[in-house]
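Reading through the structure tokens given below for one structure.
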Amino acid sequence: MKPLLALLLFGISFANAQTARIKGVVISEFGSTYEVPKLDIPLDTTQTFKVLFDLSAAPEDPEQLSGYINTVARFINMHVGAGKPENQLQVAAVFHGNASYSLLKNDLYKEKFGVDNPNLELIQALQAADVDIILCGQTAGHRNLTEDRRIPGVQMALSTMTAMIQLQQDGYTIINFN
């Protein structure tokens with residue numbers, strides 16, 4: 001009877017277990033996803049997705065990886081993993097507000113928050129995947145995020161509003177989770 005009870009309990013816990021996360025196919029260390037076995041709305045693998053992520057919030061704990069920034073990696077991994085060619089994804093992430101501090105070089109982030117920048121490797125991985133990392137110039141001025149204080153490769157816009165207008169006029173669609 002005990003083996004049967006154990007098997008029954010295992011079956012119940014297995015049925016209630018979450019599906020395993022899938023490691024990213026483009027950005028392997030970040031942006032894990034889940035398999036979706038049946039799609040009622042099929043993924044269009046013929047059209048280019050031009051996507052603009054509006055990032056203004058940051059975790060309360062400065063030692064925590066930003067889920068908002070990680071979502072950019074998840075977006076790329078999810079679509080390429082589901083069969084969309086990587087060259088059909090044009091992704092930009094505009095940083096402003098508290099999210100802008102994640103663009104600080106590690107020593108300056110550590111000086112400000114007392115911990116290493118947990119987003120540094122993620123942002124570098126996004127840049128390696130051809131994501132445009134854009135900083136609001138008004139936020140940069142207000143928060144003293146001069147070029148010498150930022151990680152290399154960050155693009156500067158006059159403002160978040162300007163970047164969003166121009167990217168939308170170029171066909172980008174905004175995704176905003178803040």
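Note on naming: chains are A, B, ... as they come in the structure tokens, residues start from 1 per chain, ligands start from 1 in the order shown.
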Identify, on the basis of only C-alpha atoms, every residue whose closest approach to range 42-56 of chain A does not exceed 7 Å; exclude the query and any residue fewer than 3 positions from it along the same chain; express the result as a list in words. Leu39, Tyr68, Gly83, Lys84, Gln88, Leu89, Gln90, Val91, Ala92, Ala93, Val94, Phe95, His96, Gly97, Asn98, Ala99, Gly171, Tyr172, Thr173, Ile174, Ile175, Asn176 and Asn178 of chain A
If we count only C-alpha atoms, what is near Leu158 in chain A at a cut-off of 9 Å, once residues fewer than 4 positions away on the same chain are taken out, given as an MDAnalysis selection string? chainID A and resid 135:138 162:163
In chain A, DSSP alpha helix (DSSP H) residues written as a PyMOL selection string: chain A and resi 2-16+67-81+106-113+120-128+137-142+160-169
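In this structure, CA of Gln64 in chain A sits 14.1 Å away from CA of Asn106 in chain A.
Distance annotation: of A:Phe177, A:Ile123, A:Val131, A:Gly114, the residue with the minimal separation from Ala57 in chain A is A:Phe177; atom set is only C-alpha atoms.
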Separating CA of Tyr109 in chain A from CA of Pro152 in chain A, to the nearest tenth of an Å, is a gap of 14.3 Å
Near Thr146 in chain A, counting only C-alpha atoms, which residues have an atom at most 12 Å away, once you skip same-chain residues fewer than 3 positions from it, shown as a PDB file with C-alpha atoms, in the first residue's frame?
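Output saved as out_34.pdb:
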```
ATOM      1  CA  SER A 100      18.348  54.302 -16.448  1.00  0.00           C
ATOM      2  CA  TYR A 101      20.614  53.474 -13.497  1.00  0.00           C
ATOM      3  CA  LEU A 103      23.112  51.538 -17.650  1.00  0.00           C
ATOM      4  CA  LEU A 104      25.767  52.711 -15.188  1.00  0.00           C
ATOM      5  CA  LYS A 105      29.215  51.163 -15.378  1.00  0.00           C
ATOM      6  CA  LEU A 108      29.590  53.631 -10.482  1.00  0.00           C
ATOM      7  CA  LEU A 135      18.864  56.319 -23.092  1.00  0.00           C
ATOM      8  CA  CYS A 136      16.622  59.335 -22.655  1.00  0.00           C
ATOM      9  CA  GLY A 137      18.847  62.421 -22.871  1.00  0.00           C
ATOM     10  CA  GLN A 138      16.676  64.297 -20.392  1.00  0.00           C
ATOM     11  CA  THR A 139      16.993  61.492 -17.847  1.00  0.00           C
ATOM     12  CA  ALA A 140      20.735  61.344 -18.497  1.00  0.00           C
ATOM     13  CA  GLY A 141      21.056  65.052 -17.802  1.00  0.00           C
ATOM     14  CA  HIS A 142      18.878  64.939 -14.688  1.00  0.00           C
ATOM     15  CA  ARG A 143      20.671  61.908 -13.223  1.00  0.00           C
ATOM     16  CA  ARG A 149      29.579  56.956 -16.596  1.00  0.00           C
ATOM     17  CA  ARG A 150      27.535  54.645 -18.866  1.00  0.00           C
ATOM     18  CA  ILE A 151      28.347  51.219 -20.222  1.00  0.00           C
ATOM     19  CA  PRO A 152      29.679  51.363 -23.795  1.00  0.00           C
ATOM     20  CA  VAL A 154      24.339  52.992 -25.185  1.00  0.00           C
ATOM     21  CA  GLN A 155      22.678  55.274 -27.731  1.00  0.00           C
ATOM     22  CA  MET A 156      21.452  58.720 -26.690  1.00  0.00           C
TER      23      MET A 156
END
```
Take CA of Leu65 in chain A and CA of Ser28 in chain A and report the distance between them in Å, one decimal.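 Taking CA of Leu65 in chain A as the start and CA of Ser28 in chain A as the end point, the length is 15.4 Å.
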Which residue, A:Ala128, A:Ile27, A:Met161, A:Leu167, has the smallest gap to Met78 in chain A when you use only C-alpha atoms?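 Under the stated criterion, the closest residue is A:Ile27.
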Using only C-alpha atoms, which of A:Ile76, A:Ala129, A:Ala58, A:Ala82 sits nearest Val36 in chain A? A:Ala82
Wanna dump the range 58-115 of chain A-range 19-26 of chain A contacts at 10 Å for me, each residue with its shortest atom pair and the distance in Å to one decimal, counting only C-alpha atoms, ordered by chain and number, as a Markdown table?
```
| residue | atom | partner | partner_atom | distance |
| --- | --- | --- | --- | --- |
| A:Ala73 | CA | A:Gly24 | CA | 8.1 |
| A:Arg74 | CA | A:Gly24 | CA | 7.4 |
| A:Phe75 | CA | A:Gly24 | CA | 9.8 |
| A:Ile76 | CA | A:Val26 | CA | 7.1 |
| A:Asn77 | CA | A:Gly24 | CA | 4.9 |
| A:Met78 | CA | A:Gly24 | CA | 7.5 |
| A:His79 | CA | A:Val25 | CA | 9.6 |
| A:Val80 | CA | A:Val25 | CA | 7.1 |
| A:Gly81 | CA | A:Val25 | CA | 6.1 |
| A:Ala82 | CA | A:Val25 | CA | 9.9 |
| A:Glu86 | CA | A:Val26 | CA | 8.3 |
```
